[in-house]
$ cat entry10.cif   # mmCIF, C-alpha atoms
data_run
loop_
_atom_site.label_atom_id
_atom_site.label_comp_id
_atom_site.auth_asym_id
_atom_site.auth_seq_id
_atom_site.Cartn_x
_atom_site.Cartn_y
_atom_site.Cartn_z
CA MET A 1458 74.23 62.42 109.11
CA THR A 1459 77.28 63.57 107.20
CA GLU A 1460 77.42 63.77 103.41
CA PRO A 1461 79.74 60.71 103.15
CA GLU A 1462 77.39 58.71 105.39
CA ALA A 1463 74.40 59.77 103.27
CA CYS A 1464 76.27 58.71 100.13
CA ASP A 1465 77.06 55.34 101.72
CA VAL A 1466 73.35 54.83 102.41
CA ALA A 1467 72.35 55.89 98.88
CA HIS A 1468 74.92 53.52 97.39
CA GLY A 1469 73.85 50.65 99.62
CA THR A 1470 77.16 50.37 101.50
CA ALA A 1471 75.75 51.45 104.88
CA GLU A 1472 72.65 50.68 106.85
CA ALA A 1473 69.83 53.17 106.44
CA ASP A 1474 68.30 54.66 109.58
CA PRO A 1475 65.06 52.67 109.95
CA HIS A 1476 63.23 55.91 110.76
CA VAL A 1477 64.40 57.63 107.56
CA ARG A 1478 62.89 56.70 104.24
CA THR A 1479 64.84 56.27 101.06
CA LEU A 1480 63.52 58.00 97.95
CA VAL A 1481 64.57 56.39 94.69
CA ALA A 1482 63.87 58.52 91.63
CA VAL A 1483 63.78 56.35 88.51
CA PHE A 1484 64.92 57.81 85.18
CA ALA A 1485 66.96 61.01 84.93
CA SER A 1486 64.46 63.76 84.18
CA PRO A 1487 63.62 67.30 85.23
CA VAL A 1488 61.15 65.92 87.81
CA ALA A 1489 63.82 63.56 89.18
CA ARG A 1490 66.18 66.54 89.54
CA TYR A 1491 63.69 68.30 91.81
CA LEU A 1492 62.77 65.11 93.68
CA LEU A 1493 66.43 64.56 94.56
CA ASN A 1494 67.08 68.13 95.68
CA PHE A 1495 63.84 68.65 97.58
CA GLY A 1496 63.82 65.09 98.95
CA ARG A 1497 67.26 65.46 100.48
CA GLU A 1498 66.19 68.74 102.08
CA LEU A 1499 63.13 66.98 103.52
CA GLY A 1500 65.24 64.32 105.19
CA PHE A 1501 64.95 61.45 102.72
CA HIS A 1502 67.95 59.37 101.73
CA VAL A 1503 67.89 59.88 97.97
CA ALA A 1504 69.13 57.91 94.98
CA LEU A 1505 68.73 58.19 91.22
CA PHE A 1506 68.34 55.05 89.13
CA GLU A 1507 68.86 55.54 85.40
CA PRO A 1508 69.33 52.22 83.57
CA ASP A 1509 70.55 53.92 80.38
CA ALA A 1510 73.93 55.55 81.03
CA ALA A 1511 73.54 57.59 77.82
CA ARG A 1512 70.53 59.37 79.35
CA VAL A 1513 72.33 60.54 82.46
CA THR A 1514 72.41 64.17 81.41
CA ASP A 1515 70.22 65.96 83.96
CA VAL A 1516 71.70 64.99 87.32
CA PRO A 1517 71.89 67.73 89.94
CA GLU A 1518 75.29 68.66 91.31
CA GLY A 1519 76.21 66.50 94.28
CA PHE A 1520 74.24 63.49 93.06
CA GLU A 1521 75.20 60.45 91.06
CA ALA A 1522 73.07 58.21 88.90
CA SER A 1523 73.31 54.46 89.25
CA THR A 1524 72.67 52.22 86.25
CA THR A 1525 71.58 49.43 88.60
CA LEU A 1526 68.56 49.55 90.85
CA PRO A 1527 69.63 50.23 94.43
CA GLU A 1528 68.78 47.60 97.01
CA LEU A 1529 65.24 48.25 98.16
CA ASP A 1530 63.58 47.51 101.48
CA GLY A 1531 60.56 48.54 103.50
CA THR A 1532 61.92 52.09 103.93
CA ALA A 1533 62.10 52.77 100.19
CA ASP A 1534 59.70 54.92 98.21
CA VAL A 1535 60.21 54.50 94.44
CA VAL A 1536 59.00 57.22 92.05
CA VAL A 1537 59.13 56.51 88.32
CA THR A 1538 59.43 59.88 86.61
CA ASP A 1539 58.81 58.90 82.99
CA HIS A 1540 56.03 56.50 81.94
CA HIS A 1541 57.02 56.57 78.25
CA ARG A 1542 60.29 54.69 78.60
CA PRO A 1543 60.54 51.23 77.00
CA GLU A 1544 62.17 49.88 80.19
CA LEU A 1545 59.11 50.81 82.28
CA GLY A 1546 57.82 47.26 82.78
CA ALA A 1547 61.21 45.72 83.52
CA VAL A 1548 62.12 48.49 85.96
CA LEU A 1549 58.82 48.23 87.80
CA LYS A 1550 59.01 44.44 87.95
CA ALA A 1551 62.51 44.65 89.47
CA ALA A 1552 61.36 47.33 91.92
CA LEU A 1553 58.35 45.25 93.01
CA GLU A 1554 60.63 42.26 93.59
CA GLY A 1555 62.82 44.44 95.84
CA GLY A 1556 59.99 44.92 98.34
CA PRO A 1557 59.85 48.71 98.68
CA ARG A 1558 57.32 50.35 100.96
CA TRP A 1559 55.71 52.29 98.11
CA ILE A 1560 55.97 52.56 94.30
CA GLY A 1561 54.44 55.25 92.12
CA VAL A 1562 54.49 56.21 88.44
CA LEU A 1563 53.93 59.77 87.29
CA GLY A 1564 51.13 60.27 84.83
CA ASN A 1565 47.89 62.03 84.09
CA PRO A 1566 45.01 60.36 85.96
CA ARG A 1567 42.71 60.90 82.96
CA HIS A 1568 44.75 58.50 80.83
CA PRO A 1569 45.29 54.77 81.37
CA GLY A 1570 48.64 53.88 82.87
CA PRO A 1571 50.98 52.11 80.44
CA HIS A 1572 52.60 50.34 83.37
CA ILE A 1573 49.65 47.95 83.68
CA GLY A 1574 50.05 46.41 80.22
CA ALA A 1575 53.84 46.44 80.53
CA LEU A 1576 53.71 44.49 83.78
CA GLN A 1577 51.00 42.12 82.57
CA GLY A 1578 53.17 41.38 79.53
CA LEU A 1579 55.95 40.34 81.91
CA GLY A 1580 53.64 37.98 83.82
CA VAL A 1581 53.38 40.11 86.96
CA PRO A 1582 50.27 39.10 88.96
CA ASP A 1583 47.44 41.64 89.25
CA GLY A 1584 47.92 41.87 93.03
CA GLU A 1585 51.49 43.05 92.53
CA ILE A 1586 50.49 45.45 89.75
CA ALA A 1587 47.97 46.98 92.15
CA ARG A 1588 50.86 47.97 94.43
CA VAL A 1589 51.97 50.52 91.82
CA HIS A 1590 50.30 53.87 92.48
CA ARG A 1591 49.23 56.17 89.69
CA PRO A 1592 48.72 59.08 89.85
CA VAL A 1593 51.14 60.07 92.61
CA GLY A 1594 51.27 63.14 94.79
CA LEU A 1595 48.68 65.47 96.15
CA ASN A 1596 46.07 66.84 93.80
CA ILE A 1597 47.27 70.45 93.62
CA GLY A 1598 47.03 70.90 89.87
CA SER A 1599 50.79 70.69 89.36
CA ARG A 1600 52.11 71.20 85.83
CA THR A 1601 55.83 72.03 85.98
CA PRO A 1602 58.58 69.58 87.02
CA ALA A 1603 59.12 71.47 90.29
CA GLU A 1604 55.38 71.46 91.06
CA ILE A 1605 55.11 67.75 90.27
CA ALA A 1606 58.02 67.03 92.61
CA VAL A 1607 56.46 69.15 95.37
CA ALA A 1608 53.08 67.39 94.98
CA THR A 1609 54.77 63.97 95.03
CA LEU A 1610 56.90 64.75 98.07
CA ALA A 1611 53.97 66.34 99.88
CA GLY A 1612 52.06 63.09 99.47
CA LEU A 1613 55.00 61.06 100.76
CA LEU A 1614 55.39 63.46 103.69
CA ALA A 1615 51.71 63.18 104.53
CA ASP A 1616 52.06 59.42 104.56
CA ARG A 1617 55.30 59.55 106.56
CA ASN A 1618 53.57 61.73 109.13
CA GLY A 1619 50.42 59.60 109.28
CA ARG A 1620 48.23 62.21 107.62
CA PRO A 1621 45.68 61.66 104.86
CA GLY A 1622 47.15 64.33 102.56
CA GLY A 1623 44.82 64.82 99.64
CA PHE A 1624 45.41 62.05 97.14
CA GLU A 1625 41.88 61.93 95.72
CA PHE A 1626 41.54 62.92 92.11
CA ARG A 1627 38.09 63.85 90.87
CA ASP A 1628 37.05 65.07 87.46
#
$ encode --input "entry10.cif" --output "structure tokens"
Amino acid sequence: MTEPEACDVAHGTAEADPHVRTLVAVFASPVARYLLNFGRELGFHVALFEPDAARVTDVPEGFEASTTLPELDGTADVVVTDHHRPELGAVLKAALEGGPRWIGVLGNPRHPGPHIGALQGLGVPDGEIARVHRPVGLNIGSRTPAEIAVATLAGLLADRNGRPGGFEFRD
């Protein structure tokens, strides 16, 4: 696929290859930067959704941020890279309504996920809230943005390839 074709897919103006997943990184952040770069190299169609145009300051060269959520479908994997943002609930609710294949929110598994209360406050049913995964990625002890992106993408690759990966987190 050529770069213009890939851009058309990321911007929703072309059909995505049904065998290629789309990775939507939510919120411009250091982790999103690595997700976009590594994800493209791993064969994902990639997009960055940042609802606050003033925060679009850490976008890798060759990528654009959209202030509207891209159209989602059953090929989309959505990774929310900042669980402290006030828009968290609204963004997740919109993503759930789009019908992506998978949604995850970064966060430490030892702390309760703020997404649960945010979604409950918006009237999202518990069954839909349960579709949001947290933590995300393989349990490799990642700490840096690059390591977090690698762990997240490794988990998505394991799933894409029908492998169990290593998602279990134990104390």
$ residues_around --input "entry10.cif" --residues "Gly1556 in chain A" --least-positions-apart "3" --cutoff "12 Å" --atoms "all atoms listed in the file" --output "PyMOL selection string"
chain A and resi 1527-1535+1549-1553+1559-1560+1585+1588-1589
$ resolve_selection --input "entry10.cif" --expression "the PyMOL selection byres ((chain A and resi 1563) around 9)" --output "VMD selection string"
chain A and resid 1536 to 1540 1561 to 1562 1564 to 1565 1590 to 1594 1605 1609
$ closest_residue --input "entry10.cif" --among "A:Ser1523, A:Asn1596, A:Ser1486, A:Gln1577" --to "Ala1611 in chain A" --atoms "only C-alpha atoms"
A:Asn1596
$ residues_around --input "entry10.cif" --residues "range 1579-1583 of chain A" --least-positions-apart "3" --cutoff "8 Å" --atoms "all atoms listed in the file" --output "number ranges by chain"
A: 1546-1547, 1550, 1575-1576, 1586-1587
$ closest_residue --input "entry10.cif" --among "A:Glu1554, A:Val1548, A:Gly1500, A:Ala1615" --to "His1476 in chain A" --atoms "all atoms listed in the file"
A:Gly1500
$ residues_around --input "entry10.cif" --residues "Thr1525 in chain A" --least-positions-apart "4" --cutoff "8 Å" --atoms "all atoms listed in the file" --output "ChimeraX atom specification"
/A:1506-1508
$ resolve_selection --input "entry10.cif" --expression "the PyMOL selection byres ((chain A and resi 1492) around 12)" --output "count of residues only"
46
$ atom_distance --input "entry10.cif" --atom1 "CA of Thr1601 in chain A" --atom2 "CA of Arg1567 in chain A"
17.5 Å
$ atom_distance --input "entry10.cif" --atom1 "CA of Gly1519 in chain A" --atom2 "CA of His1541 in chain A"
26.9 Å
$ atom_distance --input "entry10.cif" --atom1 "CA of Leu1595 in chain A" --atom2 "CA of Gly1612 in chain A"
5.3 Å
